[in-house]
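Structure first, commentary second.
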Number of protein chains: 2
Amino acid sequence: MNNHAKKLATPAANAAGPSTLRHAMQLLKITAAGGYQGASIDDYLDAMTLSRPSIYRLLKSLKAEDYLRSSPKRGRYLLGYQLLALGAQAGNGSGLRDLMRPRLLSLAQRFGDSFYLFARDGIYAVCLEVQNGAYPVGSFVRATGERVPLGVGQASIALLAQLPLAERHTLLKHSATQLEHDYQISIEDVETEIEFLHQHGYARGVEGSQLPEYTGLALPILDHSGHPLGALSCAMLKSRMTDEHRQAVLAGMRHHVTELVEQAHSLLHLE
Amino acid sequence: MNNHAKKLATPAANAAGPSTLRHAMQLLKITAAGGYQGASIDDYLDAMTLSRPSIYRLLKSLKAEDYLRSSPKRGRYLLGYQLLALGAQAGNGSGLRDLMRPRLLSLAQRFGDSFYLFARDGIYAVCLEVQNGAYPVGSFVRATGERVPLGVGQASIALLAQLPLAERHTLLKHSATQLEHDYQISIEDVETEIEFLHQHGYARGVEGSQLPEYTGLALPILDHSGHPLGALSCAMLKSRMTDEHRQAVLAGMRHHVTELVEQAHSLLHLE
DNA sequence: TTGCGAGTCTCAAAATATGAGACGAAAACC
DNA sequence: GGTTTTCGTCTCATATTTTGAGACTCGCAA
């Protein structure tokens, strides 16, 4: 009630959080949006309503902390390597990535397909680790750190299937238009695949018009108490997916997931 | 002169940059230091001189931006996946990583050894990408985003060798004690290896007492105008490093570096 | 139930970022 | 080599902002 009056008193205090922080993060986002070209002062000035001196001040601070760095091109800024270091840590929540990395390598070497570790990140599935195999493959994500909306790809199915029903429905309804529009995926198909997973224990590559030549498999990863940790996923050319190959790959994936969960369990008991 | 007086007037204004930003980044660092366990309020309170409400305010903001997230453990905080996404971008400065990733995979598959892409980051060498091969290997870095002081490992040699003499000496003198103490590496040996690279065109694994069973090779990556972009490095068991194998691996690495540079060159011309 | 720790709220005080425009420096250009 | 454009910094007054102390609520656990 009274805070309503307060919000009106301060023009730019609608969103939560210290403005300096938000500005700094906006700088990072704009820089990231520039890809490997980075961003220029004008990019920043256009995208936000800060004065030039203020932007330079923030840029200097971010550079001092190695969150940004100057591009070889004069007047352009790139993301700094501190983000890379923190990002590497961030991908290892609960130690999952470290435990999974050698397993992905082993799977990729043995089968020649590409394997992925995913985790849920809000309404997204985030790729924590990739290991490509000898056979070429197309996928929605190619590298660590990329995100796709939950619902896209077989790993998403495995993650969604672990959510409480209500949450899942809310989430899917919320993403429906994006899924349809950007990926030509209908939430009915997603629900169908989730059903398939509940019956057969694994998720299949969905038939989207986006990557028609490829397909895949995915398994959810649950800890001992049933909490979802992530998903192990695999992508391959459709022509490689014989029944025999599917059974072999699934067995390999199941094996590694089982071992992983035991490993994680014993690790937690050490602490 | 007069700013001296100003600094004295404001107690905590010695360092550069908005304090809110520094505090937020300190939070991220402390969280990162907690590894996959993350950090608790007390960790933050102990490590910095902010009041509890202030810390909570910052935590909330960072969580809202997905730079932090709550751990499954109540009261603990982990790094958020936004950092992972930004980190993935950060590692792709100049597009180098995207260009190199498939090449690392190809090398690792062909030779079975482990291959690395490094870049310089101030006084550190930062690992932009790893591709492990079929043969097990030990290395100073195991994952993307990890950093070692310049001087450690063969990739460092390749990076150092591209620096102007004066800068190199300043830098090495500055890191000397750390290199000696943490890695048992003398800067004389480093200089010797740099000399070797200048004569033979590649860097060898240094004989440190840290990883006595492993050795490696590294090549600098220079663009068309001679500016250093990074280093391609390789690690393997000493027993695998026959003369023949070394020649083969070096040839493969040289091949990929040459192709990469041409690729990068033509890419830049498109823009 | 009780207890403890996590997280939030209020307020006034004060520190801190902000903008406008001038200034300095260093490429890039001719 | 001289000139111009662009990048980056500085100053200062203003006022928006964060800050700290402590009381308060909520939720988990014994």
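Letters A, B, ... go to the chains of the structure tokens in the order shown; residues in each chain start at 1; ligands are counted from 1 in the same order.
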For DA23 (chain D), work out the shell of residues within 12 Å, counting only C-alpha atoms (C1' of nucleotides) and skipping chain neighbours fewer than 4 positions away, then give it as an MDAnalysis selection string. chainID C and resid 8:11
Kindly save the residues from that selection, with C-alpha atoms (C1' of nucleotides) included, as a JSON list (two decimals), in the first residue's frame.
```
[["chain", "number", "residue", "atom", "x", "y", "z"],
["C", 8, "DT", "C1'", 12.16, -9.97, 4.44],
["C", 9, "DC", "C1'", 10.70, -5.41, 6.01],
["C", 10, "DT", "C1'", 10.98, -0.58, 7.72],
["C", 11, "DC", "C1'", 13.34, 3.71, 8.24]]
```
Please, which residues in chain A fall within 7 Å of chain B when counting only C-alpha atoms, and what is the closest atom pair and distance in Å to one decimal for each, ordered by chain then residue number, as a Markdown table?
```
| residue | atom | partner | partner_atom | distance |
| --- | --- | --- | --- | --- |
| A:Ala16 | CA | B:Ser61 | CA | 6.8 |
| A:Gly17 | CA | B:Ser61 | CA | 4.9 |
| A:Thr20 | CA | B:Thr20 | CA | 6.8 |
| A:Leu21 | CA | B:Leu21 | CA | 5.8 |
| A:Ala32 | CA | B:Gln89 | CA | 6.4 |
| A:Gly35 | CA | B:Gln89 | CA | 6.9 |
| A:Tyr36 | CA | B:Ser94 | CA | 4.8 |
| A:Gln37 | CA | B:Ser94 | CA | 6.6 |
| A:Ser61 | CA | B:Gly17 | CA | 4.9 |
| A:Leu78 | CA | B:Gly93 | CA | 7.0 |
| A:Leu79 | CA | B:Ala90 | CA | 4.8 |
| A:Gly80 | CA | B:Ala90 | CA | 5.9 |
| A:Tyr81 | CA | B:Ala90 | CA | 6.1 |
| A:Leu83 | CA | B:Gly87 | CA | 4.7 |
| A:Leu84 | CA | B:Gly87 | CA | 3.9 |
| A:Ala85 | CA | B:Gly145 | CA | 4.3 |
| A:Leu86 | CA | B:Leu83 | CA | 6.4 |
| A:Gly87 | CA | B:Leu84 | CA | 3.9 |
| A:Ala88 | CA | B:Gly145 | CA | 5.5 |
| A:Gln89 | CA | B:Ala32 | CA | 6.4 |
| A:Ala90 | CA | B:Leu79 | CA | 4.8 |
| A:Gly91 | CA | B:Leu84 | CA | 6.1 |
| A:Asn92 | CA | B:Tyr36 | CA | 6.3 |
| A:Gly93 | CA | B:Tyr36 | CA | 5.1 |
| A:Ser94 | CA | B:Tyr36 | CA | 4.8 |
| A:Gly95 | CA | B:Tyr36 | CA | 5.4 |
| A:Asp121 | CA | B:Tyr81 | CA | 6.9 |
| A:Thr144 | CA | B:Ala88 | CA | 6.4 |
| A:Gly145 | CA | B:Ala85 | CA | 4.4 |
| A:Glu146 | CA | B:Ala85 | CA | 5.9 |
```
Show me, as a PyMOL selection string, every residue of chain C with an atom at most 12 Å from chain A, counting only C-alpha atoms (C1' of nucleotides). chain C and resi 9-10+16-21+26-28
Got time to write the residues from that selection, C-alpha atoms (C1' of nucleotides), as a PDB file, in the first residue's frame?
```
ATOM      1  C1'  DC C   9      10.702  -5.415   6.010  1.00  0.00           C
ATOM      2  C1'  DT C  10      10.985  -0.576   7.723  1.00  0.00           C
ATOM      3  C1'  DT C  16      27.113   6.695  -4.540  1.00  0.00           C
ATOM      4  C1'  DA C  17      26.007   6.724  -9.282  1.00  0.00           C
ATOM      5  C1'  DT C  18      24.378   9.941 -12.620  1.00  0.00           C
ATOM      6  C1'  DG C  19      24.321  13.502 -16.651  1.00  0.00           C
ATOM      7  C1'  DA C  20      26.057  17.375 -19.411  1.00  0.00           C
ATOM      8  C1'  DG C  21      29.609  18.892 -21.689  1.00  0.00           C
ATOM      9  C1'  DA C  26      45.051   7.880 -30.202  1.00  0.00           C
ATOM     10  C1'  DA C  27      43.886   5.795 -34.207  1.00  0.00           C
ATOM     11  C1'  DA C  28      42.536   6.377 -39.065  1.00  0.00           C
TER      12       DA C  28
END
```
Once you count only C-alpha atoms (C1' of nucleotides), which residues of chain D turn out to be within 12 Å of chain B? Could you give them as a PDB file with C-alpha atoms (C1' of nucleotides), in the first residue's frame?
```pdb
ATOM      1  C1'  DC D  10      37.510  14.261 -16.276  1.00  0.00           C
ATOM      2  C1'  DT D  11      34.900  17.644 -13.294  1.00  0.00           C
ATOM      3  C1'  DT D  17      20.429   4.629  -4.297  1.00  0.00           C
ATOM      4  C1'  DT D  18      22.190   1.653  -1.457  1.00  0.00           C
ATOM      5  C1'  DT D  19      23.165   0.823   3.202  1.00  0.00           C
ATOM      6  C1'  DG D  20      22.811  -0.883   8.262  1.00  0.00           C
ATOM      7  C1'  DA D  21      20.383  -2.037  12.620  1.00  0.00           C
ATOM      8  C1'  DG D  22      17.119  -4.622  14.325  1.00  0.00           C
ATOM      9  C1'  DG D  27       9.378 -22.773   6.878  1.00  0.00           C
ATOM     10  C1'  DC D  28      11.862 -26.750   8.087  1.00  0.00           C
TER      11       DC D  28
END
```
Which of region 28-151 of chain B fall in strand (DSSP E), as a list in words: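 Those in region 28-151 of chain B that DSSP calls strand (DSSP E) are Ala39, Ser40, Leu68, Arg69, Ser70, Arg76, Tyr77, Leu78, Leu79, Ser114, Phe115, Tyr116, Leu117, Phe118, Ala119, Arg120, Asp121, Tyr124, Ala125, Val126, Cys127, Leu128, Glu129, Val130, Gln131, Arg147, Val148 and Pro149 of chain B.
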Expected file contents, prior selection, N, CA and C atoms, as a CSV table (one decimal), in the first residue's frame:
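Dumped everything to selection.csv:
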```
chain,number,residue,atom,x,y,z
B,39,ALA,N,27.8,-21.8,-1.7
B,39,ALA,CA,28.1,-21.0,-0.5
B,39,ALA,C,26.9,-20.8,0.3
B,40,SER,N,27.1,-20.5,1.6
B,40,SER,CA,26.0,-20.2,2.5
B,40,SER,C,26.1,-18.7,2.9
B,68,LEU,N,22.9,-16.6,-10.2
B,68,LEU,CA,23.0,-17.5,-9.0
B,68,LEU,C,21.7,-18.3,-9.0
B,69,ARG,N,21.7,-19.4,-8.3
B,69,ARG,CA,20.5,-20.2,-8.1
B,69,ARG,C,20.6,-20.8,-6.7
B,70,SER,N,19.4,-21.2,-6.2
B,70,SER,CA,19.5,-21.9,-4.9
B,70,SER,C,19.9,-23.3,-5.1
B,76,ARG,N,21.8,-22.7,0.7
B,76,ARG,CA,23.1,-22.6,-0.1
B,76,ARG,C,22.8,-22.1,-1.5
B,77,TYR,N,23.8,-21.5,-2.1
B,77,TYR,CA,23.7,-20.9,-3.4
B,77,TYR,C,24.7,-21.4,-4.3
B,78,LEU,N,24.3,-21.6,-5.5
B,78,LEU,CA,25.2,-22.1,-6.6
B,78,LEU,C,25.2,-21.1,-7.7
B,79,LEU,N,26.2,-21.2,-8.5
B,79,LEU,CA,26.3,-20.3,-9.7
B,79,LEU,C,25.2,-20.7,-10.7
B,114,SER,N,45.0,-36.3,-26.3
B,114,SER,CA,44.1,-35.2,-25.9
B,114,SER,C,44.6,-33.9,-26.4
B,115,PHE,N,43.7,-33.1,-26.9
B,115,PHE,CA,44.1,-31.8,-27.6
B,115,PHE,C,43.4,-30.7,-26.9
B,116,TYR,N,44.0,-29.5,-26.9
B,116,TYR,CA,43.6,-28.4,-26.2
B,116,TYR,C,43.7,-27.1,-27.0
B,117,LEU,N,42.8,-26.2,-26.8
B,117,LEU,CA,42.9,-24.9,-27.4
B,117,LEU,C,43.1,-23.9,-26.2
B,118,PHE,N,44.1,-23.1,-26.3
B,118,PHE,CA,44.4,-22.1,-25.2
B,118,PHE,C,44.4,-20.7,-25.8
B,119,ALA,N,44.1,-19.8,-24.9
B,119,ALA,CA,44.3,-18.4,-25.3
B,119,ALA,C,45.0,-17.7,-24.1
B,120,ARG,N,45.6,-16.5,-24.4
B,120,ARG,CA,46.2,-15.8,-23.3
B,120,ARG,C,45.1,-15.0,-22.6
B,121,ASP,N,45.2,-14.9,-21.3
B,121,ASP,CA,44.3,-14.1,-20.5
B,121,ASP,C,45.1,-13.4,-19.4
B,124,TYR,N,47.6,-15.3,-17.3
B,124,TYR,CA,47.2,-16.7,-17.3
B,124,TYR,C,47.1,-17.3,-18.8
B,125,ALA,N,47.1,-18.6,-18.9
B,125,ALA,CA,46.7,-19.2,-20.1
B,125,ALA,C,45.4,-19.9,-19.7
B,126,VAL,N,44.4,-19.6,-20.6
B,126,VAL,CA,43.0,-20.1,-20.3
B,126,VAL,C,42.7,-21.1,-21.3
B,127,CYS,N,42.1,-22.2,-20.9
B,127,CYS,CA,41.7,-23.3,-21.8
B,127,CYS,C,40.4,-23.0,-22.4
B,128,LEU,N,40.3,-22.9,-23.7
B,128,LEU,CA,39.1,-22.6,-24.3
B,128,LEU,C,38.3,-23.8,-24.7
B,129,GLU,N,39.0,-24.9,-25.0
B,129,GLU,CA,38.3,-26.1,-25.4
B,129,GLU,C,39.3,-27.3,-25.2
B,130,VAL,N,38.7,-28.4,-24.8
B,130,VAL,CA,39.4,-29.7,-24.7
B,130,VAL,C,38.8,-30.7,-25.5
B,131,GLN,N,39.6,-31.6,-26.1
B,131,GLN,CA,39.0,-32.8,-26.6
B,131,GLN,C,39.9,-34.0,-26.2
B,147,ARG,N,42.3,-22.2,-15.8
B,147,ARG,CA,43.5,-21.3,-16.1
B,147,ARG,C,44.7,-21.8,-15.4
B,148,VAL,N,45.8,-21.6,-16.0
B,148,VAL,CA,47.1,-21.9,-15.4
B,148,VAL,C,48.0,-20.6,-15.6
B,149,PRO,N,48.9,-20.3,-14.7
B,149,PRO,CA,49.8,-19.2,-15.0
B,149,PRO,C,50.6,-19.4,-16.2
```
Pick out the residues sitting within 10 Å of region 138-140 of chain A, and hand them over as a short mmCIF file (atom, residue, chain, number, x, y, z; two decimals) with N, CA and C atoms, in the first residue's frame; count only C-alpha atoms (C1' of nucleotides), and ignore anything fewer than 3 positions along from it in its own chain.
```
data_model
loop_
_atom_site.label_atom_id
_atom_site.label_comp_id
_atom_site.auth_asym_id
_atom_site.auth_seq_id
_atom_site.Cartn_x
_atom_site.Cartn_y
_atom_site.Cartn_z
N SER A 114 26.75 -38.88 -30.86
CA SER A 114 27.04 -37.74 -30.01
C SER A 114 26.17 -37.78 -28.76
N ALA A 143 26.98 -26.81 -28.43
CA ALA A 143 28.04 -26.56 -27.47
C ALA A 143 27.49 -26.38 -26.08
N GLU A 146 24.58 -23.79 -24.28
CA GLU A 146 23.43 -23.39 -25.08
C GLU A 146 22.14 -23.89 -24.44
N ARG A 147 21.09 -23.14 -24.71
CA ARG A 147 19.79 -23.46 -24.12
C ARG A 147 18.74 -23.64 -25.18
N VAL A 148 17.83 -24.54 -24.95
CA VAL A 148 16.63 -24.63 -25.78
C VAL A 148 15.43 -24.64 -24.84
N VAL A 152 11.83 -28.94 -26.58
CA VAL A 152 12.60 -29.14 -27.81
C VAL A 152 13.65 -30.21 -27.59
N GLY A 153 13.58 -31.26 -28.35
CA GLY A 153 14.60 -32.30 -28.26
C GLY A 153 14.23 -33.36 -27.24
N TYR A 183 9.94 -23.87 -33.53
CA TYR A 183 10.43 -25.23 -33.74
C TYR A 183 9.40 -26.16 -34.40
N GLN A 210 12.40 -29.54 -38.14
CA GLN A 210 13.62 -28.75 -38.04
C GLN A 210 14.86 -29.55 -38.44
N LEU A 211 14.98 -30.73 -37.90
CA LEU A 211 16.16 -31.55 -38.15
C LEU A 211 15.69 -32.92 -38.62
N PRO A 212 15.16 -33.00 -39.81
CA PRO A 212 14.46 -34.22 -40.22
C PRO A 212 15.39 -35.42 -40.37
N GLU A 213 16.67 -35.20 -40.52
CA GLU A 213 17.55 -36.32 -40.79
C GLU A 213 18.09 -36.98 -39.53
N TYR A 214 17.83 -36.34 -38.41
CA TYR A 214 18.44 -36.84 -37.19
C TYR A 214 17.40 -37.29 -36.19
N THR A 215 17.83 -38.14 -35.31
CA THR A 215 16.96 -38.58 -34.23
C THR A 215 17.82 -38.84 -33.01
N GLY A 216 17.22 -39.34 -31.95
CA GLY A 216 18.03 -39.52 -30.76
C GLY A 216 17.30 -40.28 -29.67
N CYS A 234 21.30 -38.37 -26.54
CA CYS A 234 22.13 -38.88 -27.61
C CYS A 234 21.50 -38.49 -28.93
N ALA A 235 22.31 -38.13 -29.88
CA ALA A 235 21.79 -37.76 -31.20
C ALA A 235 22.54 -38.52 -32.28
N MET A 236 21.81 -38.91 -33.32
CA MET A 236 22.46 -39.63 -34.41
C MET A 236 21.64 -39.49 -35.69
N LEU A 237 22.26 -39.84 -36.79
CA LEU A 237 21.56 -39.90 -38.07
C LEU A 237 20.45 -40.94 -37.97
#
```
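The space between CA of Gln263 (chain A) and CA of Ile221 (chain A) spans 12.6 Å.
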Pick from A:Glu262, A:Glu191, A:Asp43, A:Asp223: nearest to Leu150 (chain A), with only C-alpha atoms counted?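 Smallest separation from Leu150 (chain A) among the options: A:Glu191.
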Find the residue from B:Ala231, B:Tyr135, B:Glu167, B:Gly112 that sits nearest to Ala203 (chain B); use only C-alpha atoms when measuring.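 Residue with the minimum atom-to-atom distance to Ala203 (chain B): B:Ala231.
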Identify all residues of region 86-214 of chain B in helix (DSSP H, G or I) (DSSP on the backbone) and supply them as a count of residues only. 65
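Our summary of the geometry notes that CA of Pro136 (chain A) is positioned 22.7 Å from CA of Thr258 (chain B).
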